[in-house]
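Enquirer: Below is the structure I would like to discuss, written out as structure tokens.
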Amino acid sequence: MLDVSLYLLAITLIGAGLIGTVLPALPGLPMVFAGIWLAAVVDDYHHIGLWWLLLFGALTGLGVMTDLVAASLGAKRAGASKNAIWGASAGTFIGLFFGFPGLILGPFVGALLGELSSGSSALHSTHVSISTWLGQLLGAALKLVLSLVMLGLAALRWHLA
């Protein structure tokens, strides 16, 4: 009975992690990794062993680093001020409370207001906010793809072992 409960917890971690790859409030990739690792532990590493877990850990680390860099690169490429970057982060957080539209518009509006507050023109501020938003979107897409790759490899390994 304990094994079933732990497998359900692993599935819950993986499901929440998938949601977390697109919601900035949850550490998506680490949660997917934790779910896969928990399933491996419960299975006594029969299907997924050390080398597979090291691969999944490396993919998790790559995804987390890339996500952190993606939004910053988008902002820097457009010549964003520190206010725009802080604004995008604040907009992302505030947007969480307004559902999906808030998640889409929050970073954009936050970067726009941040850049405007630094004295930039409306045109430059709009360009910066679009670039920042695209960087965040690219980071989220990459995290989702990496989590699906991890799940696909884990499922394939589970099936073949």
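Numbering starts fresh at 1 for the residues of each chain in the structure tokens, the chains themselves are lettered A, B, ... in the order given, and ligands are numbered from 1 as they appear.
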What's around region 142-152 of chain A at 9 Å? Count only C-alpha atoms, leave out sequence neighbours fewer than 5 positions away in its own chain, and write the answer as a list in words.

Expert: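 Everything that qualifies: Ile14, Gly17, Leu18, Ile19, Gly20, Thr21, Val22, Gly28, Leu29, Val32, Phe33, Ile36, Leu55, Phe56, Leu59, Thr60, Leu62, Gly63, Val64, Thr66, Asp67, Leu137 and Arg157 of chain A.
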
Enquirer: Got a sec: who's within 12 Å of Phe108 (chain A), counting only C-alpha atoms, leaving out chain neighbours fewer than 5 positions off, as a ChimeraX atom specification?

Expert: /A:71,74-75,84-95,101-103,113-115,125-137

Enquirer: For the residues in that selection, give me N, CA, C and O atoms as a short mmCIF file (atom, residue, chain, number, x, y, z; two decimals), in the first residue's frame.

Expert:
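result.cif, freshly written:
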```
data_model
loop_
_atom_site.label_atom_id
_atom_site.label_comp_id
_atom_site.auth_asym_id
_atom_site.auth_seq_id
_atom_site.Cartn_x
_atom_site.Cartn_y
_atom_site.Cartn_z
N ALA A 71 15.16 34.92 -20.50
CA ALA A 71 14.50 36.22 -20.33
C ALA A 71 15.52 37.34 -20.28
O ALA A 71 15.31 38.41 -20.86
N GLY A 74 16.78 38.08 -23.80
CA GLY A 74 15.79 38.83 -24.55
C GLY A 74 15.79 40.29 -24.16
O GLY A 74 15.72 41.18 -25.00
N ALA A 75 15.88 40.54 -22.87
CA ALA A 75 15.88 41.92 -22.37
C ALA A 75 17.17 42.63 -22.75
O ALA A 75 17.14 43.77 -23.22
N ALA A 84 13.43 47.52 -16.21
CA ALA A 84 12.59 46.66 -17.07
C ALA A 84 12.67 45.21 -16.62
O ALA A 84 11.66 44.50 -16.59
N ILE A 85 13.85 44.77 -16.26
CA ILE A 85 14.02 43.38 -15.82
C ILE A 85 13.29 43.16 -14.50
O ILE A 85 12.57 42.17 -14.32
N TRP A 86 13.45 44.11 -13.57
CA TRP A 86 12.71 44.02 -12.31
C TRP A 86 11.21 44.09 -12.55
O TRP A 86 10.43 43.40 -11.91
N GLY A 87 10.81 44.95 -13.47
CA GLY A 87 9.39 45.09 -13.79
C GLY A 87 8.82 43.82 -14.36
O GLY A 87 7.69 43.42 -14.03
N ALA A 88 9.57 43.14 -15.24
CA ALA A 88 9.11 41.88 -15.81
C ALA A 88 8.95 40.82 -14.73
O ALA A 88 7.98 40.06 -14.72
N SER A 89 9.89 40.79 -13.80
CA SER A 89 9.79 39.82 -12.70
C SER A 89 8.58 40.12 -11.81
O SER A 89 7.82 39.21 -11.45
N ALA A 90 8.40 41.38 -11.49
CA ALA A 90 7.24 41.77 -10.67
C ALA A 90 5.94 41.50 -11.41
O ALA A 90 4.97 41.01 -10.83
N GLY A 91 5.92 41.80 -12.71
CA GLY A 91 4.73 41.55 -13.51
C GLY A 91 4.40 40.07 -13.60
O GLY A 91 3.23 39.68 -13.59
N THR A 92 5.43 39.23 -13.65
CA THR A 92 5.21 37.79 -13.66
C THR A 92 4.57 37.35 -12.35
O THR A 92 3.60 36.59 -12.35
N PHE A 93 5.10 37.83 -11.25
CA PHE A 93 4.56 37.46 -9.94
C PHE A 93 3.12 37.95 -9.78
O PHE A 93 2.24 37.20 -9.38
N ILE A 94 2.88 39.20 -10.08
CA ILE A 94 1.54 39.76 -9.95
C ILE A 94 0.57 39.07 -10.91
O ILE A 94 -0.59 38.81 -10.57
N GLY A 95 1.06 38.74 -12.09
CA GLY A 95 0.22 38.07 -13.08
C GLY A 95 -0.29 36.71 -12.63
O GLY A 95 -1.33 36.25 -13.10
N PRO A 101 -4.39 34.95 -18.44
CA PRO A 101 -4.11 36.27 -19.02
C PRO A 101 -3.05 37.04 -18.24
O PRO A 101 -2.22 37.73 -18.84
N GLY A 102 -3.05 36.90 -16.93
CA GLY A 102 -2.04 37.57 -16.12
C GLY A 102 -0.65 37.03 -16.38
O GLY A 102 0.33 37.78 -16.37
N LEU A 103 -0.55 35.72 -16.63
CA LEU A 103 0.75 35.13 -16.92
C LEU A 103 1.29 35.60 -18.26
O LEU A 103 2.50 35.70 -18.45
N LEU A 113 6.35 49.01 -18.03
CA LEU A 113 6.32 50.04 -16.97
C LEU A 113 7.71 50.29 -16.39
O LEU A 113 8.08 51.43 -16.10
N GLY A 114 8.48 49.21 -16.23
CA GLY A 114 9.84 49.36 -15.71
C GLY A 114 10.71 50.18 -16.64
O GLY A 114 11.46 51.07 -16.21
N GLU A 115 10.61 49.91 -17.93
CA GLU A 115 11.43 50.64 -18.90
C GLU A 115 10.97 52.09 -19.01
O GLU A 115 11.78 53.01 -19.10
N SER A 125 10.48 51.34 -24.98
CA SER A 125 9.93 50.55 -23.87
C SER A 125 9.09 49.39 -24.39
O SER A 125 9.15 48.28 -23.85
N THR A 126 8.32 49.63 -25.43
CA THR A 126 7.52 48.56 -26.02
C THR A 126 8.41 47.49 -26.63
O THR A 126 8.18 46.29 -26.46
N HIS A 127 9.46 47.91 -27.32
CA HIS A 127 10.41 46.97 -27.92
C HIS A 127 11.07 46.11 -26.84
O HIS A 127 11.18 44.88 -26.98
N VAL A 128 11.48 46.74 -25.76
CA VAL A 128 12.11 46.02 -24.65
C VAL A 128 11.14 45.02 -24.04
O VAL A 128 11.49 43.87 -23.76
N SER A 129 9.90 45.44 -23.81
CA SER A 129 8.94 44.56 -23.16
C SER A 129 8.59 43.36 -24.05
O SER A 129 8.45 42.25 -23.56
N ILE A 130 8.50 43.57 -25.35
CA ILE A 130 8.24 42.45 -26.27
C ILE A 130 9.42 41.48 -26.25
O ILE A 130 9.23 40.26 -26.20
N SER A 131 10.63 42.00 -26.30
CA SER A 131 11.81 41.14 -26.29
C SER A 131 11.93 40.35 -24.99
O SER A 131 12.27 39.17 -24.99
N THR A 132 11.64 41.00 -23.88
CA THR A 132 11.68 40.32 -22.58
C THR A 132 10.63 39.22 -22.53
O THR A 132 10.90 38.10 -22.10
N TRP A 133 9.43 39.53 -22.98
CA TRP A 133 8.34 38.57 -22.99
C TRP A 133 8.68 37.37 -23.89
O TRP A 133 8.45 36.23 -23.51
N LEU A 134 9.25 37.64 -25.07
CA LEU A 134 9.62 36.54 -25.96
C LEU A 134 10.71 35.66 -25.34
O LEU A 134 10.69 34.44 -25.49
N GLY A 135 11.64 36.26 -24.63
CA GLY A 135 12.67 35.49 -23.93
C GLY A 135 12.06 34.58 -22.88
O GLY A 135 12.43 33.41 -22.76
N GLN A 136 11.10 35.10 -22.12
CA GLN A 136 10.44 34.27 -21.11
C GLN A 136 9.63 33.16 -21.76
O GLN A 136 9.60 32.03 -21.27
N LEU A 137 8.97 33.47 -22.85
CA LEU A 137 8.19 32.46 -23.56
C LEU A 137 9.10 31.36 -24.11
O LEU A 137 8.78 30.17 -24.00
#
```

Enquirer: Need to verify the contact set: His47 (chain A), 10 Å, only C-alpha atoms, exclusion of same-chain residues closer than 6 positions in sequence. Can you return it as a short mmCIF file (atom, residue, chain, number, x, y, z; two decimals) with all heavy atoms, in the first residue's frame?

Expert:
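Wrote part-v8.cif, looks like this:
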```cif
data_model
loop_
_atom_site.label_atom_id
_atom_site.label_comp_id
_atom_site.auth_asym_id
_atom_site.auth_seq_id
_atom_site.Cartn_x
_atom_site.Cartn_y
_atom_site.Cartn_z
N ALA A 39 9.88 7.63 -8.26
CA ALA A 39 9.42 6.39 -8.89
C ALA A 39 10.56 5.38 -8.99
O ALA A 39 10.36 4.17 -8.75
CB ALA A 39 8.83 6.67 -10.27
N ALA A 40 11.75 5.86 -9.30
CA ALA A 40 12.92 4.97 -9.37
C ALA A 40 13.26 4.39 -8.00
O ALA A 40 13.59 3.20 -7.89
CB ALA A 40 14.12 5.73 -9.94
N VAL A 41 13.17 5.20 -6.96
CA VAL A 41 13.45 4.73 -5.61
C VAL A 41 12.45 3.65 -5.20
O VAL A 41 12.83 2.59 -4.68
CB VAL A 41 13.41 5.91 -4.59
CG1 VAL A 41 13.40 5.40 -3.16
CG2 VAL A 41 14.57 6.85 -4.82
N ALA A 154 12.10 8.32 -19.68
CA ALA A 154 11.78 7.51 -18.50
C ALA A 154 10.75 6.43 -18.86
O ALA A 154 10.89 5.27 -18.45
CB ALA A 154 11.28 8.38 -17.37
N ALA A 155 9.73 6.80 -19.60
CA ALA A 155 8.70 5.83 -19.99
C ALA A 155 9.29 4.75 -20.90
O ALA A 155 8.98 3.56 -20.74
CB ALA A 155 7.54 6.54 -20.70
N LEU A 156 10.15 5.16 -21.83
CA LEU A 156 10.79 4.19 -22.71
C LEU A 156 11.68 3.24 -21.91
O LEU A 156 11.62 2.02 -22.10
CB LEU A 156 11.62 4.92 -23.77
CG LEU A 156 12.32 4.06 -24.79
CD1 LEU A 156 11.29 3.33 -25.66
CD2 LEU A 156 13.24 4.90 -25.67
N ARG A 157 12.45 3.79 -21.00
CA ARG A 157 13.33 2.95 -20.16
C ARG A 157 12.51 2.02 -19.28
O ARG A 157 12.86 0.86 -19.11
CB ARG A 157 14.22 3.86 -19.31
CG ARG A 157 15.16 3.12 -18.42
CD ARG A 157 16.19 2.37 -19.22
NE ARG A 157 16.96 1.53 -18.31
CZ ARG A 157 17.31 0.29 -18.57
NH1 ARG A 157 17.02 -0.24 -19.73
NH2 ARG A 157 17.98 -0.39 -17.69
N TRP A 158 11.40 2.53 -18.74
CA TRP A 158 10.53 1.72 -17.89
C TRP A 158 9.94 0.57 -18.69
O TRP A 158 9.84 -0.56 -18.20
CB TRP A 158 9.42 2.59 -17.31
CG TRP A 158 8.84 2.05 -16.05
CD1 TRP A 158 7.89 1.08 -15.94
CD2 TRP A 158 9.19 2.40 -14.71
NE1 TRP A 158 7.62 0.83 -14.63
CE2 TRP A 158 8.40 1.62 -13.86
CE3 TRP A 158 10.09 3.31 -14.18
CZ2 TRP A 158 8.48 1.74 -12.47
CZ3 TRP A 158 10.16 3.42 -12.81
CH2 TRP A 158 9.37 2.63 -11.98
N HIS A 159 9.57 0.86 -19.91
CA HIS A 159 8.95 -0.16 -20.78
C HIS A 159 9.96 -1.22 -21.22
O HIS A 159 9.64 -2.40 -21.31
CB HIS A 159 8.32 0.51 -22.00
CG HIS A 159 7.72 -0.44 -22.97
ND1 HIS A 159 6.57 -1.14 -22.71
CD2 HIS A 159 8.12 -0.82 -24.21
CE1 HIS A 159 6.28 -1.91 -23.73
NE2 HIS A 159 7.20 -1.74 -24.66
N LEU A 160 11.20 -0.79 -21.50
CA LEU A 160 12.20 -1.71 -22.04
C LEU A 160 12.90 -2.54 -20.96
O LEU A 160 13.47 -3.57 -21.26
CB LEU A 160 13.24 -0.94 -22.83
CG LEU A 160 12.73 -0.26 -24.12
CD1 LEU A 160 13.84 0.53 -24.78
CD2 LEU A 160 12.14 -1.29 -25.07
N ALA A 161 12.91 -2.06 -19.74
CA ALA A 161 13.66 -2.78 -18.70
C ALA A 161 12.87 -3.95 -18.13
O ALA A 161 11.71 -4.08 -18.19
CB ALA A 161 14.03 -1.84 -17.57
#
```

Enquirer: I need the residues of chain A that end up classed as alpha helix (DSSP H) by DSSP on the backbone, written out as a count of residues only.

Expert: 134

Enquirer: Compare A:Ala111, A:Ala10, A:Leu23, A:Ala34 by their minimum atom-to-atom distance to Gly139 (chain A), counting only C-alpha atoms, and give me the closest one.

Expert: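 Looking at the shortest contact to Gly139 (chain A), the residue is A:Leu23.
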
Enquirer: From the set A:Leu153, A:Leu26, A:Met65, A:Leu38, which residue has the shortest atom-to-atom contact distance to Leu6 (chain A), counting only C-alpha atoms?

Expert: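 Using only C-alpha atoms, Leu6 (chain A) sits closest to A:Leu38.
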
Enquirer: Just checking: using only C-alpha atoms, which residue out of A:Trp37, A:Gly79, A:Ser117, A:His124 ends up closest to Trp52 (chain A)?

Expert: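 With only C-alpha atoms as the atom set, the closest residue is A:Trp37.
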
Enquirer: With only C-alpha atoms as the basis for distance, which of A:Val4, A:Leu112, A:Met31, A:Gly15 is at the shortest distance from Asn83 (chain A)?

Expert: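 Among A:Val4, A:Leu112, A:Met31, A:Gly15, it is A:Leu112 that comes nearest to Asn83 (chain A).
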
Enquirer: Of the candidates A:Ala140, A:Val42, A:Ala80, A:Leu54, which one gets nearest to Ser121 (chain A) if we count only C-alpha atoms?

Expert: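 Smallest distance to Ser121 (chain A) is found for A:Ala80.
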